[in-house]
Amino acid sequence: MSSSPLSAAVSHVGKVRSNNQDSGYAGRQLFVVADGMGGHAGGDVASAIATKRIAEADGEYAAAEDAEVALQSAMIAANSLLAETVFEHSELTGMGTTVSGILRVGDQIALAHIGDSRIYLFRDGELTQVTADHTFVQRLVDSGRITPEEAAVHPRRSVLMRVLGDVDAAPEIDTKILDTRPGDRWLLCSDGLSSYVSEDKIGAILAAVGTPQGAADRMVKESLDHGAPDNVTVVIVDIGADDEQRNGATPAGFVGSAAVPLAFDGAENERRPIRLPTLLLHPLKSTPPEDTHFEPEREEFLEQLIEEDRRRASRRRITWLVVVAIVIASIVAVGALAYQWTQTHYFVGVDDDGTVAIFQGVQQNIGPISLSSVEQSSAVRADELPAFERRQVEATINADDLRDAHDILDRLSRLAESTSGESSTDPTPTPTPAPTAVTP
């Protein structure tokens with residue numbers, strides 16, 4: 001790690017990788033993060049060479065436009081230097097690196113970027129990503145083929161489309177000039193941070209931790225707490241109101257691979273040959289890290305990947321349709337079996353016209369659907385039954401089976417007839433006439 005009053009740079013190898021392929025630089029006006037790729041023998045060399053060459057652009061510029069040209073030219077020069085290194089050390093064929101850098105000029109910054117390392121601006125409590133990832137899935141997101149949520153789990157999410165290396169003699173580098181103001185906090189990071197720590201958490205750390213060094217250390221710890229299978233490099237730059245404080249500060253210097261001497265010996269024995277073009281993939285979250293994959297922006301390759309993505313999306317839709325069809329069929333089958341089970345039950349109750357009837361099914365409804373129907377009607381009216389039996393029938397009487405239901409109905413019929421017969425045979429008492437008074 002290295003720091004000054006207004007900036008800090010921290011790089012960590014992570015918990016899985018054996019070497020650090022990231023490099024970082026925090027100078028007086030220039031700040032850089034590079035994420036190398038190309039296997040054990042190439043990634044660290046690529047990021048270190050590029051970072052050290054670009055650091056030569058650190059200095060004072062009359063205008064932000066001059067700084068923008070200088071930073072872009074330094075990155076092109078670093079790309080040529082990488083190609084020359086591969087020519088002299090063929091075992092490094094295929095190495096490359098992402099680079100993201102800012103160069104401050106007064107109240108503006110010149111920005112240059114290639115790859116999927118990121119630059120964020122934290123201003124007034126809001127975190128904004130100011131660079132675009134040069135990845136295949138970002139292309140799909142930009143074209144509307146997939147959503148950002150789908151991109152996060154896409155199997156090709158780590159295929160890079162642009163890097164510095166020995167493949168493209170004139171790589172396309174994004175540059176822009178942005179205004180900055182006192183209180184702004186700029187964050188440059190490799191994907192070892194952005195792939196494992198959410199932007200909400202990053203913003204919370206930048207808001208809560210006052211010093212650049214403290215914030216950088218906290219972010220690296222957060223990445224380690226998430227397993228940190230990849231190298232992680234963080235550079236933080238605070239924009240203060242007093243430029244004299246910055247001019248008088250000691251540059252933070254290099255971190256990561258750029259902070260140690262370059263080593264080529266033994267590289268050929270440690271690294272397997274790579275055929276170009278190679279797909280160099282970044283590590284997946286919660287899995288052992290893989291080598292970063294790169295493919296130049298060739299139309300035929302893009303079409304192949306897009307067609308592959310279409311086939312994958314089609315297979316995914318078919319799979320979902322099959323799953324949905326199976327679920328619906330299962331629900332229908334279960335419903336049919338459940339309905340058949342209800343139709344093995346019988347009970348005696350009161351029909352809509354007030355007569356006693358045998359019902360098949362159960363005494364429940366599913367919404368407007370009744371789970372019972374009249375199996376047999378009768379001539380017995382519920383109001384002809386004694387009070388106790390009438391209440392029982394109105395509440396329904398469960399039967400063990402259809403025969404039991406007929407027995408219950410026969411019993412109720414006899415009770416109704418008995419009650420009716422008693423009513424018709426009972427003599428009405430004749431009232432005794434009152435005695436007539438006789439007048440003597």
# chains A, B, ... in the order shown; residues from 1 in each chain; ligands from 1
$ select_by_dssp --residues "region 14-122 of chain A" --states "strand (DSSP E or B)" --output "VMD selection string"
chain A and resid 22 to 26 30 to 37 96 to 105 108 to 114 118 to 122
$ write_last_selection --atoms "N, CA and C atoms" --output "tab-separated table (two decimals), in the first residue's frame"
chain	number	residue	atom	x	y	z
A	22	ASP	N	-2.29	-7.46	-10.67
A	22	ASP	CA	-2.74	-6.07	-10.69
A	22	ASP	C	-1.55	-5.14	-10.45
A	23	SER	N	-1.68	-3.92	-10.94
A	23	SER	CA	-0.74	-2.85	-10.63
A	23	SER	C	-1.52	-1.56	-10.42
A	24	GLY	N	-0.96	-0.68	-9.59
A	24	GLY	CA	-1.60	0.60	-9.36
A	24	GLY	C	-0.56	1.70	-9.19
A	25	TYR	N	-1.00	2.93	-9.45
A	25	TYR	CA	-0.08	4.07	-9.30
A	25	TYR	C	-0.88	5.27	-8.82
A	26	ALA	N	-0.36	5.94	-7.79
A	26	ALA	CA	-0.92	7.20	-7.31
A	26	ALA	C	0.21	8.21	-7.26
A	30	LEU	N	-1.40	12.10	-11.62
A	30	LEU	CA	-1.83	10.93	-12.37
A	30	LEU	C	-2.14	9.77	-11.43
A	31	PHE	N	-3.22	9.03	-11.77
A	31	PHE	CA	-3.64	7.88	-10.96
A	31	PHE	C	-4.09	6.78	-11.92
A	32	VAL	N	-3.58	5.55	-11.69
A	32	VAL	CA	-3.77	4.46	-12.65
A	32	VAL	C	-4.05	3.16	-11.92
A	33	VAL	N	-4.93	2.33	-12.52
A	33	VAL	CA	-5.13	0.94	-12.10
A	33	VAL	C	-5.04	0.07	-13.35
A	34	ALA	N	-4.31	-1.03	-13.26
A	34	ALA	CA	-4.19	-1.98	-14.37
A	34	ALA	C	-4.40	-3.39	-13.85
A	35	ASP	N	-5.13	-4.19	-14.60
A	35	ASP	CA	-5.42	-5.59	-14.24
A	35	ASP	C	-4.86	-6.48	-15.34
A	36	GLY	N	-3.75	-7.16	-15.05
A	36	GLY	CA	-3.07	-7.96	-16.06
A	36	GLY	C	-3.73	-9.29	-16.32
A	37	MET	N	-3.44	-9.88	-17.47
A	37	MET	CA	-3.97	-11.18	-17.84
A	37	MET	C	-2.93	-11.89	-18.69
A	96	GLY	N	-1.69	-9.38	-21.67
A	96	GLY	CA	-2.35	-8.10	-21.88
A	96	GLY	C	-2.78	-7.51	-20.55
A	97	THR	N	-3.39	-6.34	-20.60
A	97	THR	CA	-3.80	-5.70	-19.35
A	97	THR	C	-4.90	-4.68	-19.62
A	98	THR	N	-5.81	-4.55	-18.69
A	98	THR	CA	-6.75	-3.43	-18.69
A	98	THR	C	-6.05	-2.24	-18.07
A	99	VAL	N	-6.47	-1.04	-18.40
A	99	VAL	CA	-5.91	0.17	-17.80
A	99	VAL	C	-7.00	1.21	-17.66
A	100	SER	N	-7.07	1.81	-16.49
A	100	SER	CA	-7.96	2.95	-16.26
A	100	SER	C	-7.15	4.01	-15.53
A	101	GLY	N	-7.16	5.25	-16.07
A	101	GLY	CA	-6.35	6.29	-15.44
A	101	GLY	C	-7.00	7.65	-15.53
A	102	ILE	N	-6.68	8.51	-14.57
A	102	ILE	CA	-7.12	9.90	-14.61
A	102	ILE	C	-5.91	10.80	-14.37
A	103	LEU	N	-5.93	11.95	-15.05
A	103	LEU	CA	-4.85	12.93	-14.93
A	103	LEU	C	-5.49	14.27	-14.62
A	104	ARG	N	-5.15	14.82	-13.45
A	104	ARG	CA	-5.82	16.03	-12.99
A	104	ARG	C	-5.14	17.27	-13.52
A	105	VAL	N	-5.98	18.22	-14.01
A	105	VAL	CA	-5.51	19.53	-14.45
A	105	VAL	C	-6.46	20.58	-13.90
A	108	GLN	N	-10.39	20.11	-13.55
A	108	GLN	CA	-10.83	19.10	-14.51
A	108	GLN	C	-9.93	17.87	-14.41
A	109	ILE	N	-10.43	16.78	-14.94
A	109	ILE	CA	-9.60	15.58	-15.05
A	109	ILE	C	-9.72	15.04	-16.47
A	110	ALA	N	-8.60	14.54	-16.99
A	110	ALA	CA	-8.60	13.81	-18.26
A	110	ALA	C	-8.62	12.33	-17.93
A	111	LEU	N	-9.48	11.58	-18.59
A	111	LEU	CA	-9.69	10.17	-18.29
A	111	LEU	C	-9.37	9.34	-19.52
A	112	ALA	N	-8.71	8.20	-19.30
A	112	ALA	CA	-8.47	7.23	-20.37
A	112	ALA	C	-8.75	5.83	-19.82
A	113	HIS	N	-9.34	4.97	-20.67
A	113	HIS	CA	-9.82	3.69	-20.14
A	113	HIS	C	-9.89	2.65	-21.24
A	114	ILE	N	-9.47	1.42	-20.89
A	114	ILE	CA	-9.65	0.28	-21.77
A	114	ILE	C	-9.76	-0.98	-20.91
A	118	ARG	N	-12.50	-0.17	-13.44
A	118	ARG	CA	-13.50	0.88	-13.42
A	118	ARG	C	-13.02	2.15	-12.74
A	119	ILE	N	-13.68	3.25	-13.12
A	119	ILE	CA	-13.48	4.54	-12.46
A	119	ILE	C	-14.85	5.02	-11.99
A	120	TYR	N	-14.92	5.36	-10.71
A	120	TYR	CA	-16.16	5.87	-10.10
A	120	TYR	C	-15.93	7.28	-9.59
A	121	LEU	N	-17.00	8.07	-9.59
A	121	LEU	CA	-17.00	9.39	-8.95
A	121	LEU	C	-18.01	9.36	-7.81
A	122	PHE	N	-17.54	9.72	-6.62
A	122	PHE	CA	-18.43	9.84	-5.46
A	122	PHE	C	-18.60	11.31	-5.15
$ atom_distance --atom1 "CA of Ser80 (chain A)" --atom2 "CA of Arg157 (chain A)"
27.7 Å
$ atom_distance --atom1 "CA of Val10 (chain A)" --atom2 "CA of Gly183 (chain A)"
21.2 Å
$ closest_atom_pairs --of "region 111-215 of chain A" --to "region 225-236 of chain A" --cutoff "8 Å" --atoms "only C-alpha atoms" --output "CSV"
residue,atom,partner,partner_atom,distance
A:Arg185,CA,A:Ile236,CA,7.0
A:Trp186,CA,A:Ile236,CA,5.7
A:Leu187,CA,A:Ile236,CA,4.7
A:Leu188,CA,A:Val235,CA,5.1
A:Cys189,CA,A:Val234,CA,4.6
A:Ser190,CA,A:Thr233,CA,5.5
A:Asp191,CA,A:Val232,CA,7.0
A:Gly192,CA,A:Val232,CA,4.2
A:Leu193,CA,A:Val232,CA,5.7
A:Tyr196,CA,A:His226,CA,6.5
A:Val197,CA,A:His226,CA,7.6
A:Pro212,CA,A:Ile236,CA,5.6
A:Gln213,CA,A:Ile236,CA,7.8
A:Ala215,CA,A:Ile236,CA,7.9
$ write_last_selection --atoms "N, CA and C atoms" --output "PDB file, in the first residue's frame"
ATOM      1  N   ARG A 185     -14.653  12.606  -4.600  1.00  0.00           N
ATOM      2  CA  ARG A 185     -13.753  11.481  -4.293  1.00  0.00           C
ATOM      3  C   ARG A 185     -13.794  10.534  -5.486  1.00  0.00           C
ATOM      4  N   TRP A 186     -12.622  10.327  -6.111  1.00  0.00           N
ATOM      5  CA  TRP A 186     -12.506   9.462  -7.274  1.00  0.00           C
ATOM      6  C   TRP A 186     -11.969   8.102  -6.843  1.00  0.00           C
ATOM      7  N   LEU A 187     -12.571   7.057  -7.402  1.00  0.00           N
ATOM      8  CA  LEU A 187     -12.170   5.691  -7.094  1.00  0.00           C
ATOM      9  C   LEU A 187     -11.806   4.968  -8.384  1.00  0.00           C
ATOM     10  N   LEU A 188     -10.615   4.405  -8.440  1.00  0.00           N
ATOM     11  CA  LEU A 188     -10.184   3.539  -9.529  1.00  0.00           C
ATOM     12  C   LEU A 188      -9.982   2.150  -8.936  1.00  0.00           C
ATOM     13  N   CYS A 189     -10.486   1.124  -9.596  1.00  0.00           N
ATOM     14  CA  CYS A 189     -10.375  -0.223  -9.021  1.00  0.00           C
ATOM     15  C   CYS A 189     -10.350  -1.280 -10.104  1.00  0.00           C
ATOM     16  N   SER A 190      -9.713  -2.405  -9.783  1.00  0.00           N
ATOM     17  CA  SER A 190      -9.781  -3.581 -10.649  1.00  0.00           C
ATOM     18  C   SER A 190     -11.074  -4.322 -10.351  1.00  0.00           C
ATOM     19  N   ASP A 191     -11.385  -5.316 -11.201  1.00  0.00           N
ATOM     20  CA  ASP A 191     -12.658  -6.025 -10.991  1.00  0.00           C
ATOM     21  C   ASP A 191     -12.608  -6.939  -9.774  1.00  0.00           C
ATOM     22  N   GLY A 192     -11.447  -7.048  -9.130  1.00  0.00           N
ATOM     23  CA  GLY A 192     -11.380  -7.772  -7.868  1.00  0.00           C
ATOM     24  C   GLY A 192     -12.198  -7.104  -6.786  1.00  0.00           C
ATOM     25  N   LEU A 193     -12.466  -5.794  -6.950  1.00  0.00           N
ATOM     26  CA  LEU A 193     -13.373  -5.095  -6.029  1.00  0.00           C
ATOM     27  C   LEU A 193     -14.789  -5.048  -6.601  1.00  0.00           C
ATOM     28  N   TYR A 196     -17.084  -8.209  -6.582  1.00  0.00           N
ATOM     29  CA  TYR A 196     -17.386  -8.912  -5.329  1.00  0.00           C
ATOM     30  C   TYR A 196     -17.987  -8.015  -4.253  1.00  0.00           C
ATOM     31  N   VAL A 197     -17.881  -6.692  -4.409  1.00  0.00           N
ATOM     32  CA  VAL A 197     -18.455  -5.757  -3.442  1.00  0.00           C
ATOM     33  C   VAL A 197     -19.468  -4.892  -4.181  1.00  0.00           C
ATOM     34  N   PRO A 212      -8.452   8.787   2.503  1.00  0.00           N
ATOM     35  CA  PRO A 212      -8.321   7.869   1.364  1.00  0.00           C
ATOM     36  C   PRO A 212      -7.714   6.526   1.762  1.00  0.00           C
ATOM     37  N   GLN A 213      -6.677   6.551   2.623  1.00  0.00           N
ATOM     38  CA  GLN A 213      -6.039   5.307   3.024  1.00  0.00           C
ATOM     39  C   GLN A 213      -7.010   4.414   3.790  1.00  0.00           C
ATOM     40  N   ALA A 215     -10.294   4.428   3.626  1.00  0.00           N
ATOM     41  CA  ALA A 215     -11.330   3.925   2.730  1.00  0.00           C
ATOM     42  C   ALA A 215     -10.803   2.812   1.836  1.00  0.00           C
TER      43      ALA A 215
END
$ closest_residue --among "A:Ser378, A:Ser257, A:Thr344, A:Ser143" --to "Gln360 (chain A)" --atoms "only C-alpha atoms"
A:Thr344
$ residues_around --residues "Ala263 (chain A)" --least-positions-apart "6" --cutoff "12 Å" --atoms "only C-alpha atoms" --output "list in words"
His40, Ala41, Gly42, Gly43, Asp44, Val45, Ala46, Ala48, Ile49, His89, Leu92 and Ser257 of chain A
$ closest_residue --among "A:Asp352, A:Gln343, A:Leu337, A:Ser373" --to "Asp401 (chain A)" --atoms "only C-alpha atoms"
A:Gln343
$ select_by_dssp --residues "region 1-48 of chain A" --states "helix (DSSP H, G or I)" --output "JSON, numbers by chain"
{"A": [43, 44, 45, 46, 47, 48]}
$ decode --residues "region 144-174 of chain A" --atoms "C-alpha atoms" --output "PDB file, in the first residue's frame"
ATOM      1  CA  GLY A 144     -30.877  -4.407 -25.228  1.00  0.00           C
ATOM      2  CA  ARG A 145     -30.383  -8.154 -25.704  1.00  0.00           C
ATOM      3  CA  ILE A 146     -30.046  -8.839 -21.974  1.00  0.00           C
ATOM      4  CA  THR A 147     -30.631  -6.953 -18.735  1.00  0.00           C
ATOM      5  CA  PRO A 148     -27.889  -5.913 -16.283  1.00  0.00           C
ATOM      6  CA  GLU A 149     -29.217  -8.579 -13.902  1.00  0.00           C
ATOM      7  CA  GLU A 150     -28.816 -11.245 -16.600  1.00  0.00           C
ATOM      8  CA  ALA A 151     -25.332  -9.927 -17.404  1.00  0.00           C
ATOM      9  CA  ALA A 152     -24.250 -10.526 -13.800  1.00  0.00           C
ATOM     10  CA  VAL A 153     -24.741 -14.293 -14.205  1.00  0.00           C
ATOM     11  CA  HIS A 154     -24.035 -14.660 -17.926  1.00  0.00           C
ATOM     12  CA  PRO A 155     -21.485 -17.434 -18.691  1.00  0.00           C
ATOM     13  CA  ARG A 156     -19.609 -15.044 -21.018  1.00  0.00           C
ATOM     14  CA  ARG A 157     -19.691 -12.131 -18.601  1.00  0.00           C
ATOM     15  CA  SER A 158     -15.908 -11.929 -18.343  1.00  0.00           C
ATOM     16  CA  VAL A 159     -14.946 -11.980 -22.023  1.00  0.00           C
ATOM     17  CA  LEU A 160     -13.005  -8.773 -22.671  1.00  0.00           C
ATOM     18  CA  MET A 161     -13.249  -7.043 -26.043  1.00  0.00           C
ATOM     19  CA  ARG A 162     -10.451  -4.470 -25.608  1.00  0.00           C
ATOM     20  CA  VAL A 163      -7.128  -4.535 -23.745  1.00  0.00           C
ATOM     21  CA  LEU A 164      -3.561  -3.343 -24.128  1.00  0.00           C
ATOM     22  CA  GLY A 165      -1.326  -6.164 -25.323  1.00  0.00           C
ATOM     23  CA  ASP A 166       0.436  -7.774 -28.252  1.00  0.00           C
ATOM     24  CA  VAL A 167      -2.661  -8.395 -30.382  1.00  0.00           C
ATOM     25  CA  ASP A 168      -3.861  -4.977 -31.560  1.00  0.00           C
ATOM     26  CA  ALA A 169      -1.267  -2.406 -32.661  1.00  0.00           C
ATOM     27  CA  ALA A 170      -3.803   0.433 -32.400  1.00  0.00           C
ATOM     28  CA  PRO A 171      -6.280  -0.380 -29.626  1.00  0.00           C
ATOM     29  CA  GLU A 172      -9.345   1.827 -29.207  1.00  0.00           C
ATOM     30  CA  ILE A 173      -9.063   3.756 -25.941  1.00  0.00           C
ATOM     31  CA  ASP A 174     -11.960   5.659 -24.388  1.00  0.00           C
TER      32      ASP A 174
END
